[in-house]
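What follows is a set of notes on a single structure, which appears directly below.
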2 protein chains.
Amino acid sequence: MTIDEQLSYLRKGMAEIIREEELRERLVESAKTGRPLRVKAGFDPTAPDLHLGHTVLLRKMKHFQDLGHTVIFLIGDATGLIGDPTGRNLTRPPMTREAILENAETYKTQVFKILDREKTEIRFNSDWLIPMGYVELVKLASKYTVARLLERDDFSKRYKEGIPISVHELLYPLAQAYDSVALECDVEMGGTDQKFNLLVGREIQRDYGQAPQIVATTPLLEGLDGVNKMSKSLGNYIGIAEPPEVMFRKVMQISDDLMWRYYELLTDHSLAEIAALRAQAHPMEAKIALGKAIVADFHSEEEAGRAAEVFNSVVRRGEVPADMPEAPMTAGAATAAGLRVAKLLAGVGLAESVSEATRKIDAGAVEINGERVRELTIADPGGALVIRAGKNWRRVRP
Amino acid sequence: MTIDEQLSYLRKGMAEIIREEELRERLVESAKTGRPLRVKAGFDPTAPDLHLGHTVLLRKMKHFQDLGHTVIFLIGDATGLIGDPTGRNLTRPPMTREAILENAETYKTQVFKILDREKTEIRFNSDWLIPMGYVELVKLASKYTVARLLERDDFSKRYKEGIPISVHELLYPLAQAYDSVALECDVEMGGTDQKFNLLVGREIQRDYGQAPQIVATTPLLEGLDGVNKMSKSLGNYIGIAEPPEVMFRKVMQISDDLMWRYYELLTDHSLAEIAALRAQAHPMEAKIALGKAIVADFHSEEEAGRAAEVFNSVVRRGEVPADMPEAPMTAGAATAAGLRVAKLLAGVGLAESVSEATRKIDAGAVEINGERVRELTIADPGGALVIRAGKNWRRVRP
């Protein structure tokens, strides 16, 4: 690829590059010297359960790898090791190093579905932050003014509204900026909501005698509702560890507009390819193709095909409510001998008792993943289960 | 002394005690258990050259010692070891540990003129701050909000006026507060300008599970001009290491109003004694007595008497200008054989050349400390020299 083609490839699906001219210079320099660029993005150690919203960023990281560069998957565990230091937030106790390493493993199995393992460094910022002493930290804190940090959108709002900002919160953007110094980053990536913090990195690097990193932000992905940012807590997400049929069905429920947005941010298709598809394909076909592409990314082509079939046989009959209640797997229902369906139905509230559940099964009123249940114990289909008992539905989490 | 008498003794010359009721409780408890209170005041490691302004605080510390309590003379060297971390201020490079220890020695020789060596701990806050790591510092920083720190007078003013406040400046009041935790202080003292920082200590101690310290502030001493705070840079000071005759002369130049203020803040006289003196003594007598008392504090009764005599013989003749130019001792003028006056006169600009100086001495136009100079080499009187050559004057620093 020429430098222009590289830039165009990197620009697709990116919200902003500060500054593109500097990125061009580094790409030129890298081509000349053969030194890969170092491209960092930071991730929270407490939430290793990624959804498609996170993959927008991961995909752009991968695009740098496609061009031969090194990606640094930075786990911001220094903060996790402290927990909520104010002690006010009981839901954020300090994490143990074991828990963090375990989360890191979970991350790896997920992110390497997109990233190239060979061109990825997994790093932990506790490696340089925790040994940092008073002297170094005071020096770091001296590099930035309070006023400029308070300009950050959320700080500015809280400060004006009198909502307390603890002093340590001012230290976090500086610590994140110092990560770029420690890692000698050429590029830092993040969501548009990270722009301020990424820009702090540019200045701190300058202060430590390094060339300021290029800041590249990716848009925040809208969730399935097409309005709010995709998030776990809003429930409008597709998790990348979700089973194929769940992912596929969720894709099928989005609006056509949102589908084109997902094409741009969740596939490697070029803008030209997407435009062509938009001109030629029926929206339903395009949506099925998108669903398959997404499932294939995180499972396989084969499972993508099967998920499309399940959807066709079960869901497109129009019976499945979009907002069906979820329930966890009933303890004792999934056994080595198979899935004990009556126990499960009673456990997730689809029957008053095991005996009522048995009657429903005998009456042929129960389907799991679109298959009529004919026996009390069946082979466990695995993954999330979509269960119908008469007119009532449950999604059972594995 | 009864508890009421103790409180009254401590209250004299104090600007504010927060809270007096708590101080009473601790005095009662101390009397009961025999545990001395721990009374801290912090000092800057860069300026060990104390003047009378500093002694207001030292004297109140001594009053705690008079009641049997322990005084902690805290040298805030952690800051000194960092210097100006922004690197903008070339006049504040980091200090070496040797330089700090040397300054501490200088401090000791000065403060033990007032404080009781046996009831004083000399401590360095680098002992607990420098080993403090990222985790502890973030925890400390989490205990306080940005908004409350920005309420501090000088921060508030700078913030409003857009004068940069670096983030590390917010860490300093917290570090100072942490000193009280590390030292388990019962009382922290400081000038009224330190009130905010001292109050932060109360809250941080509470956060670390300690009873909040009592905050006791002393007034800022007006300098010789009676208007501005006494300070080195304004030149309106009396240094406690200055020679007797210089101290004495400086006291004699203050206004009568200021004299009574100095009586209150710079002597151990009770308010009743001062009132009696004011009613009975002639102001000039009272001022001479004050001058002698101050000289005696830092030198001896004997030297106080001699300083008064020198003043009488030299200065009260009305010839000495209050603002005479100062000059350092001329290199080579003070020899083992004595003071080579002609060389000195030429060196400090009181003569064009050594030969002109010799002519002036021969003509009897030269006085040192009020004594006519009759020989080219005289016994060095030591200390600062007040030299007259005709109508011109110099104060020569030793």
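Please note that chains go A, B, ... in the order of the structure tokens, that every chain numbers its residues from 1, and that ligands are numbered from 1 in the order shown.
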- [ ] Could you please tell me, as a list of chain:residue names, which residues of chain B have an atom within 6 Å of chain A when using only C-alpha atoms?
- [x] B:Pro85, B:Thr86, B:Ile130, B:Met132, B:Gly133, B:Tyr134, B:Val138, B:Lys139, B:Ala141, B:Ser142, B:Tyr144, B:Thr145, B:Val146, B:Pro164, B:Ile165, B:Ser166, B:Val167, B:His168
Restrict the selected residues to N, CA, C and O atoms and save them as an mmCIF file, in the first residue's frame.
data_model
loop_
_atom_site.group_PDB
_atom_site.id
_atom_site.type_symbol
_atom_site.label_atom_id
_atom_site.label_comp_id
_atom_site.auth_asym_id
_atom_site.auth_seq_id
_atom_site.Cartn_x
_atom_site.Cartn_y
_atom_site.Cartn_z
ATOM 1 N N PRO B 85 9.589 20.913 40.830
ATOM 2 C CA PRO B 85 9.448 19.809 39.868
ATOM 3 C C PRO B 85 8.999 20.269 38.488
ATOM 4 O O PRO B 85 9.101 19.512 37.528
ATOM 5 N N THR B 86 8.479 21.490 38.392
ATOM 6 C CA THR B 86 8.071 21.954 37.070
ATOM 7 C C THR B 86 9.301 22.281 36.228
ATOM 8 O O THR B 86 9.208 22.361 35.015
ATOM 9 N N ILE B 130 8.966 10.155 51.238
ATOM 10 C CA ILE B 130 9.727 9.620 50.095
ATOM 11 C C ILE B 130 9.461 8.122 49.881
ATOM 12 O O ILE B 130 9.295 7.691 48.742
ATOM 13 N N MET B 132 6.778 6.687 50.331
ATOM 14 C CA MET B 132 5.359 6.517 50.027
ATOM 15 C C MET B 132 5.216 6.161 48.548
ATOM 16 O O MET B 132 5.770 6.844 47.689
ATOM 17 N N GLY B 133 4.466 5.113 48.264
ATOM 18 C CA GLY B 133 4.312 4.701 46.872
ATOM 19 C C GLY B 133 3.013 5.214 46.271
ATOM 20 O O GLY B 133 2.217 5.887 46.927
ATOM 21 N N TYR B 134 2.837 4.846 45.023
ATOM 22 C CA TYR B 134 1.665 5.250 44.245
ATOM 23 C C TYR B 134 0.361 4.906 44.975
ATOM 24 O O TYR B 134 -0.530 5.740 45.095
ATOM 25 N N VAL B 138 -2.204 7.737 46.181
ATOM 26 C CA VAL B 138 -3.536 7.843 45.571
ATOM 27 C C VAL B 138 -4.600 7.764 46.666
ATOM 28 O O VAL B 138 -5.570 8.518 46.662
ATOM 29 N N LYS B 139 -4.373 6.890 47.638
ATOM 30 C CA LYS B 139 -5.334 6.797 48.749
ATOM 31 C C LYS B 139 -5.419 8.123 49.493
ATOM 32 O O LYS B 139 -6.495 8.607 49.809
ATOM 33 N N ALA B 141 -4.674 11.060 48.361
ATOM 34 C CA ALA B 141 -5.295 12.078 47.493
ATOM 35 C C ALA B 141 -6.805 11.882 47.393
ATOM 36 O O ALA B 141 -7.547 12.821 47.139
ATOM 37 N N SER B 142 -7.248 10.646 47.638
ATOM 38 C CA SER B 142 -8.682 10.379 47.521
ATOM 39 C C SER B 142 -9.468 10.931 48.706
ATOM 40 O O SER B 142 -10.681 11.000 48.673
ATOM 41 N N TYR B 144 -9.619 13.879 49.891
ATOM 42 C CA TYR B 144 -9.942 15.303 49.894
ATOM 43 C C TYR B 144 -10.404 15.722 48.513
ATOM 44 O O TYR B 144 -9.929 15.183 47.514
ATOM 45 N N THR B 145 -11.286 16.690 48.465
ATOM 46 C CA THR B 145 -11.789 17.076 47.144
ATOM 47 C C THR B 145 -11.053 18.298 46.596
ATOM 48 O O THR B 145 -10.540 19.135 47.338
ATOM 49 N N VAL B 146 -11.035 18.350 45.280
ATOM 50 C CA VAL B 146 -10.417 19.467 44.570
ATOM 51 C C VAL B 146 -11.087 20.777 44.976
ATOM 52 O O VAL B 146 -10.416 21.774 45.257
ATOM 53 N N PRO B 164 -1.825 29.687 36.670
ATOM 54 C CA PRO B 164 -1.767 28.220 36.749
ATOM 55 C C PRO B 164 -1.479 27.679 38.158
ATOM 56 O O PRO B 164 -0.617 28.199 38.862
ATOM 57 N N ILE B 165 -2.224 26.645 38.524
ATOM 58 C CA ILE B 165 -1.939 25.868 39.737
ATOM 59 C C ILE B 165 -1.622 24.457 39.246
ATOM 60 O O ILE B 165 -2.470 23.820 38.623
ATOM 61 N N SER B 166 -0.411 24.007 39.484
ATOM 62 C CA SER B 166 -0.075 22.649 39.046
ATOM 63 C C SER B 166 -0.675 21.634 40.007
ATOM 64 O O SER B 166 -0.856 21.930 41.193
ATOM 65 N N VAL B 167 -0.970 20.457 39.462
ATOM 66 C CA VAL B 167 -1.655 19.441 40.269
ATOM 67 C C VAL B 167 -0.838 19.087 41.520
ATOM 68 O O VAL B 167 -1.395 18.848 42.590
ATOM 69 N N HIS B 168 0.486 19.099 41.389
ATOM 70 C CA HIS B 168 1.275 18.695 42.564
ATOM 71 C C HIS B 168 1.095 19.675 43.727
ATOM 72 O O HIS B 168 1.273 19.302 44.874
#
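Backbone DSSP assigns strand (DSSP E or B) in segment 135-297 of chain B to Thr145, Ser166, Val187, Glu188, Met189, Gly190, Gly191, Ile214, Val215, Ala216, Thr217, Thr218, Glu222, Lys229 and Gly239 of chain B.
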Task: Close residues, segment 344-349 of chain B itself excluded, 6 Å, only C-alpha atoms, min 4 positions apart in chain, as a ChimeraX atom specification - done: /B:327,330,333,353-354
Task: Spatial neighbours of segment 59-72 of chain B, 9 Å, only C-alpha atoms, chain gap at least 4 places, as a ChimeraX atom specification - done: /B:1,6,9-14,30,35-42,54-55,114-116,118-123,183,185,189,218,265-268
